[in-house]
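Engineer: Pasting a structure here, questions to come.
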Amino acid sequence: MKATVIIPNINGKGWLKDSIESIYAQTEQDFALIVVDNGSTDESLDLARSYSARPNFTLIENGRNTGFSHAVNQGIALAQSEYVALFNNDAFAEPEWLAELLAAAEQDKKIFAVQSLMIRHFEQELADDAGDYVTWMGFACKTGDGRRASRYNRPRRIFSACGGAALYRKSILDEIGGFDENFFAYFEDVDLSWRANNAGYKNIFCPSARCYHICGASTGAVRYNAFKSRQSGRNSLLLPLKNEPLAMLAVNSLPLAAGYLLKMYKFHRQGFGPDWDAGMQEAFAILREGRLGKRPFRWRDLPSYLLMEVWMIWNMVPYLWYRLVVVRFGLK
């Protein structure tokens with residue numbers, strides 16, 4: 001089996017069928033499909049059950065919302081393939097999507113993750129995500145969000161692949177570990193890609209692997225709500241603490257502190273301060289209980305850590321350009 005496609009689902013009655021059908025319509029047919037249901041209370045669970053007779057189809061029913069990370073880890077544990085692809089239940093793939101991802105991954109055995117070009121479903125001239133990045137101030141951001149999709153037509157190395165539509169090499173997943181379940185939802189994909197970077201592997205963007213995404217359909221938030229604010233409060237703190245060695249954290253302490261103060265101000269100003277604060281308290285509890293799961297420092301990884309440091313400083317350029325120019329002047 002070449003690949004296993006994993007679709008986590010919760011209450012996706014309006015889009016799950018089209019998502020699954022887009023996977024079955026792939027030109028590359030050497031794959032298994034696993035749907036992991038996280039306690040759906042709508043008709044989407046029965047819809048998923050209706051595929052049970054299909055070959056190489058598996059449905060996992062959790063009965064409750066165990067979080068994105070736990071759900072996809074269940075699918076990864078069952079995968080018997082060379083690659084694992086994650087696909088959101090509100091995303092719809094073009095027929096060549098999987099074939100293009102596989103072709104990109106097979107160019108180099110050091111490639112861990114391959115990012116799709118995710119396009120807004122209802123504004124198909126605009127990109128949703130062309131790869132994620134982390135700045136020196138600890139901000140995790142999407143490339144291309146709301147900008148013309150035609151801008152993103154060249155393959156390149158990226159900091160992180162978005163878990164909404166990405167391919168991962170299973171052997172490297174087995175080496176560095178799966179998705180961190182402390183993250184529950186949001187930034188868990190950035191954490192995973194960052195770990196791969198630290199271990200000397202690469203994540204790349206494949207613009208020819210295209211899919212269309214209904215942004216925020218499962219969580220009910222394109223930008224922020226109480227749930228997403230709480231996740232952000234916890235995970236944005238855990239992300240650098242887990243992936244930066246102590247020396248790097250010391251060097252970056254001032255920009256990171258400035259970043260957290262800006263985030264705290266933003267969430268409080270938008271009315272989600274208590275949710276953000278609750279998430280931060282959860283992060284501190286994870287630290288106190290020794291559950292961070294930080295990768296031990298290895299001298300052989302020093303070049304990778306230095307590359308990540310330079311990369312995060314450089315990433316301030318696109319971040320500031322987007323915030324100060326693109327958003328202000330409405331550029332697409």
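Here, A, B, ... name the chains of the structure tokens in the order displayed, residue numbers run from 1 inside each chain, and ligands are numbered from 1 in the same displayed order.
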Can you pull out the residues contacting A:Gly273? Cut-off 10 Å, using only C-alpha atoms, and skip same-chain residues under 6 positions away; I want them as a PyMOL selection string.
Structural biologist: chain A and resi 226+229-230+233+263-267+279
Engineer: Which is closer to A:Asn65 than all the others in A:Leu241, A:Val36, A:Ala48, A:Leu261, using only C-alpha atoms?
Structural biologist: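 Ranking A:Leu241, A:Val36, A:Ala48, A:Leu261 by distance to A:Asn65, first place goes to A:Val36.
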Engineer: Quick one: everything within 7 Å of A:Val84, counting only C-alpha atoms, minus sequence neighbours fewer than 4 positions away in the same chain. Send it as a VMD selection string.
Structural biologist: chain A and resid 3 to 5 76 167 to 170
Engineer: With N, CA and C atoms retained, could you export that selection as a JSON list (two decimals), in the first residue's frame?
Structural biologist:
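File again27.json, as written:
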```
[["chain", "number", "residue", "atom", "x", "y", "z"],
["A", 3, "ALA", "N", -0.12, 4.62, 0.21],
["A", 3, "ALA", "CA", -0.50, 5.71, 1.12],
["A", 3, "ALA", "C", -1.76, 5.34, 1.89],
["A", 4, "THR", "N", -1.89, 5.96, 3.05],
["A", 4, "THR", "CA", -3.12, 5.89, 3.83],
["A", 4, "THR", "C", -3.62, 7.32, 4.02],
["A", 5, "VAL", "N", -4.85, 7.57, 3.62],
["A", 5, "VAL", "CA", -5.46, 8.90, 3.79],
["A", 5, "VAL", "C", -6.33, 8.85, 5.05],
["A", 76, "ILE", "N", -2.83, 6.93, 12.11],
["A", 76, "ILE", "CA", -1.43, 6.65, 11.81],
["A", 76, "ILE", "C", -1.01, 5.30, 12.37],
["A", 167, "LEU", "N", 0.98, 15.32, 3.17],
["A", 167, "LEU", "CA", 1.49, 13.95, 3.10],
["A", 167, "LEU", "C", 2.71, 13.85, 4.01],
["A", 168, "TYR", "N", 2.83, 12.74, 4.76],
["A", 168, "TYR", "CA", 3.96, 12.52, 5.67],
["A", 168, "TYR", "C", 4.59, 11.16, 5.39],
["A", 169, "ARG", "N", 5.92, 11.11, 5.50],
["A", 169, "ARG", "CA", 6.64, 9.85, 5.33],
["A", 169, "ARG", "C", 6.54, 9.06, 6.64],
["A", 170, "LYS", "N", 5.99, 7.86, 6.56],
["A", 170, "LYS", "CA", 5.67, 7.09, 7.76],
["A", 170, "LYS", "C", 6.93, 6.70, 8.54]]
```
Engineer: What lies within 12 Å of stretch 320-325 of chain A using only C-alpha atoms, ignoring chain neighbours under 2 positions off, as an mmCIF file with C-alpha atoms, in the first residue's frame?
Structural biologist:
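Output saved as out-v3.cif:
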```cif
data_model
loop_
_atom_site.group_PDB
_atom_site.id
_atom_site.type_symbol
_atom_site.label_atom_id
_atom_site.label_comp_id
_atom_site.auth_asym_id
_atom_site.auth_seq_id
_atom_site.Cartn_x
_atom_site.Cartn_y
_atom_site.Cartn_z
ATOM 1 C CA THR A 135 8.605 33.927 13.449
ATOM 2 C CA TRP A 136 11.273 35.005 15.930
ATOM 3 C CA MET A 137 8.469 36.275 18.195
ATOM 4 C CA PHE A 139 3.947 33.570 15.925
ATOM 5 C CA CYS A 141 1.385 31.896 10.536
ATOM 6 C CA LYS A 142 -0.058 30.706 7.230
ATOM 7 C CA THR A 143 1.544 31.626 3.928
ATOM 8 C CA GLY A 144 -0.850 32.968 1.299
ATOM 9 C CA ASP A 145 -3.987 33.243 3.405
ATOM 10 C CA GLY A 146 -6.382 35.458 1.436
ATOM 11 C CA ARG A 147 -3.912 36.250 -1.340
ATOM 12 C CA ILE A 313 14.448 35.709 12.273
ATOM 13 C CA TRP A 314 14.058 35.929 8.488
ATOM 14 C CA ASN A 315 10.372 35.016 8.796
ATOM 15 C CA MET A 316 9.809 38.359 10.479
ATOM 16 C CA VAL A 317 10.115 39.891 6.989
ATOM 17 C CA PRO A 318 7.044 38.206 5.411
ATOM 18 C CA VAL A 327 -3.523 43.855 5.252
ATOM 19 C CA ARG A 328 -3.386 47.652 5.498
ATOM 20 C CA PHE A 329 -3.659 48.254 1.772
ATOM 21 C CA GLY A 330 -5.834 45.237 0.926
ATOM 22 C CA LEU A 331 -3.325 43.691 -1.471
ATOM 23 C CA LYS A 332 -4.128 40.320 -3.008
#
```
Engineer: Could you list, as number ranges by chain, every residue within 12 Å of A:Leu249, counting only C-alpha atoms and ignoring same-chain residues fewer than 2 positions away?
Structural biologist: A: 136-138, 237, 239-247, 251-257, 305, 309
Engineer: A:Ser22: which residues within 7 Å, counting only C-alpha atoms, same-chain residues fewer than 4 positions away excluded, as a ChimeraX atom specification?
Structural biologist: /A:18,26,92-94
Engineer: From a backbone DSSP assignment, name each residue in stretch 181-279 of chain A labelled strand (DSSP E), as JSON, numbers by chain.
Structural biologist: {"A": [202, 203, 204, 205, 206, 207, 208, 209, 210, 211, 212, 213]}
Engineer: Take the residues just selected and output them with all heavy atoms as a CSV table (one decimal), in the first residue's frame.
Structural biologist:
```
chain,number,residue,atom,x,y,z
A,202,LYS,N,13.2,17.6,5.9
A,202,LYS,CA,12.7,18.8,5.1
A,202,LYS,C,11.2,18.6,4.9
A,202,LYS,O,10.7,17.5,4.8
A,202,LYS,CB,13.4,18.9,3.8
A,202,LYS,CG,14.9,19.1,3.8
A,202,LYS,CD,15.5,19.3,2.4
A,202,LYS,CE,15.4,18.1,1.6
A,202,LYS,NZ,16.1,18.2,0.3
A,203,ASN,N,10.6,19.8,4.9
A,203,ASN,CA,9.2,19.9,4.5
A,203,ASN,C,9.1,20.8,3.3
A,203,ASN,O,9.8,21.8,3.2
A,203,ASN,CB,8.4,20.5,5.7
A,203,ASN,CG,8.6,19.9,7.0
A,203,ASN,OD1,8.4,18.7,7.2
A,203,ASN,ND2,9.1,20.6,8.0
A,204,ILE,N,8.3,20.4,2.3
A,204,ILE,CA,8.2,21.1,1.1
A,204,ILE,C,6.8,21.4,0.7
A,204,ILE,O,5.8,20.8,1.1
A,204,ILE,CB,8.9,20.3,-0.1
A,204,ILE,CG1,8.1,19.0,-0.4
A,204,ILE,CG2,10.4,20.0,0.2
A,204,ILE,CD1,8.6,18.4,-1.7
A,205,PHE,N,6.6,22.4,-0.2
A,205,PHE,CA,5.4,22.8,-0.7
A,205,PHE,C,5.2,22.3,-2.2
A,205,PHE,O,6.2,22.5,-3.0
A,205,PHE,CB,5.3,24.4,-0.7
A,205,PHE,CG,4.1,24.9,-1.5
A,205,PHE,CD1,2.8,24.6,-1.2
A,205,PHE,CD2,4.4,25.8,-2.5
A,205,PHE,CE1,1.7,25.2,-1.9
A,205,PHE,CE2,3.3,26.4,-3.2
A,205,PHE,CZ,2.0,26.1,-2.9
A,206,CYS,N,4.1,21.7,-2.5
A,206,CYS,CA,3.8,21.2,-3.8
A,206,CYS,C,2.6,21.9,-4.4
A,206,CYS,O,1.5,21.5,-4.1
A,206,CYS,CB,3.6,19.7,-3.8
A,206,CYS,SG,3.2,18.9,-5.4
A,207,PRO,N,2.8,22.9,-5.3
A,207,PRO,CA,1.7,23.7,-5.8
A,207,PRO,C,0.8,22.9,-6.7
A,207,PRO,O,-0.4,23.3,-6.9
A,207,PRO,CB,2.4,24.9,-6.5
A,207,PRO,CG,3.7,24.4,-6.9
A,207,PRO,CD,4.1,23.4,-5.8
A,208,SER,N,1.2,21.8,-7.3
A,208,SER,CA,0.4,21.1,-8.2
A,208,SER,C,-0.5,20.1,-7.5
A,208,SER,O,-1.4,19.6,-8.1
A,208,SER,CB,1.3,20.3,-9.2
A,208,SER,OG,2.2,19.5,-8.5
A,209,ALA,N,-0.4,20.0,-6.2
A,209,ALA,CA,-1.3,19.2,-5.4
A,209,ALA,C,-2.3,20.1,-4.8
A,209,ALA,O,-2.1,20.8,-3.8
A,209,ALA,CB,-0.6,18.4,-4.3
A,210,ARG,N,-3.5,20.3,-5.4
A,210,ARG,CA,-4.4,21.3,-5.1
A,210,ARG,C,-5.7,20.7,-4.4
A,210,ARG,O,-6.2,19.7,-4.9
A,210,ARG,CB,-4.8,22.1,-6.4
A,210,ARG,CG,-3.6,22.8,-7.0
A,210,ARG,CD,-3.9,23.2,-8.4
A,210,ARG,NE,-5.1,24.0,-8.6
A,210,ARG,CZ,-5.1,25.4,-8.7
A,210,ARG,NH1,-4.0,26.0,-8.6
A,210,ARG,NH2,-6.3,26.0,-8.8
A,211,CYS,N,-6.2,21.5,-3.5
A,211,CYS,CA,-7.5,21.1,-2.9
A,211,CYS,C,-8.2,22.4,-2.4
A,211,CYS,O,-7.6,23.5,-2.4
A,211,CYS,CB,-7.3,20.1,-1.7
A,211,CYS,SG,-6.4,20.9,-0.3
A,212,TYR,N,-9.5,22.3,-2.2
A,212,TYR,CA,-10.3,23.4,-1.8
A,212,TYR,C,-10.8,23.2,-0.4
A,212,TYR,O,-11.3,22.1,0.0
A,212,TYR,CB,-11.4,23.5,-2.8
A,212,TYR,CG,-10.9,23.6,-4.2
A,212,TYR,CD1,-10.7,22.5,-5.0
A,212,TYR,CD2,-10.5,24.9,-4.8
A,212,TYR,CE1,-10.1,22.6,-6.3
A,212,TYR,CE2,-10.0,25.0,-6.0
A,212,TYR,CZ,-9.8,23.8,-6.8
A,212,TYR,OH,-9.2,23.9,-8.0
A,213,HIS,N,-10.8,24.2,0.4
A,213,HIS,CA,-11.0,24.1,1.8
A,213,HIS,C,-12.1,25.1,2.3
A,213,HIS,O,-12.0,26.3,2.0
A,213,HIS,CB,-9.7,24.3,2.6
A,213,HIS,CG,-9.8,24.2,4.1
A,213,HIS,ND1,-9.1,25.0,5.0
A,213,HIS,CD2,-10.4,23.3,4.8
A,213,HIS,CE1,-9.4,24.6,6.2
A,213,HIS,NE2,-10.2,23.6,6.1
```
Engineer: Compile the contact shell of A:Gly67 as an NGL selection string: residues with an atom at most 8 Å away, counting only C-alpha atoms, same-chain residues fewer than 5 positions apart removed.
Structural biologist: :A and (38 or 181 or 184-185)
Engineer: Among stretch 111-215 of chain A, which residues carry a DSSP assignment of alpha helix (DSSP H), reported as a list in words?
Structural biologist: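 For stretch 111-215 of chain A, the alpha helix (DSSP H) set is Lys170, Ser171, Ile172, Leu173, Asp174, Glu175, Ile176, Glu188, Asp189, Val190, Asp191, Leu192, Ser193, Trp194, Arg195, Ala196, Asn197 and Asn198 of chain A.
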Engineer: Could you check which of A:Asn153, A:Ser44, A:Gln80, A:Ser69 is closest to A:Asn9, using only C-alpha atoms?
Structural biologist: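 Residue with the minimum atom-to-atom distance to A:Asn9: A:Ser44.
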Engineer: Do you have the atom CA of A:Ser171-atom CA of A:Gln29 distance handy?
Structural biologist: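 According to the coordinates, atom CA of A:Ser171 and atom CA of A:Gln29 are separated by 21.2 Å.
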Engineer: Please measure the separation of atom CA of A:Met308 and atom CA of A:Gly259, giving the value in Å to one decimal.
Structural biologist: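 Separation of atom CA of A:Met308 and atom CA of A:Gly259: 17.6 Å.
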Engineer: Quick check, in Å to one decimal: how far apart do atom CA of A:Gly131 and atom CA of A:Ala196 lie?
Structural biologist: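 Atom-to-atom, atom CA of A:Gly131 and atom CA of A:Ala196 are spaced 14.9 Å apart.
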Engineer: Can you work out which one of A:Val72, A:Met248, A:Ala25, A:Ile34 has the shortest atom-to-atom distance to A:Glu96, counting only C-alpha atoms?
Structural biologist: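 Counting only C-alpha atoms, the residue closest to A:Glu96 is A:Ala25.
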Engineer: Restricting the calculation to only C-alpha atoms: of A:Pro155, A:Gly163, A:Pro95, A:Gly271, which residue gets closest to A:Ser193?
Structural biologist: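 Result for the nearest residue to A:Ser193: A:Gly163.
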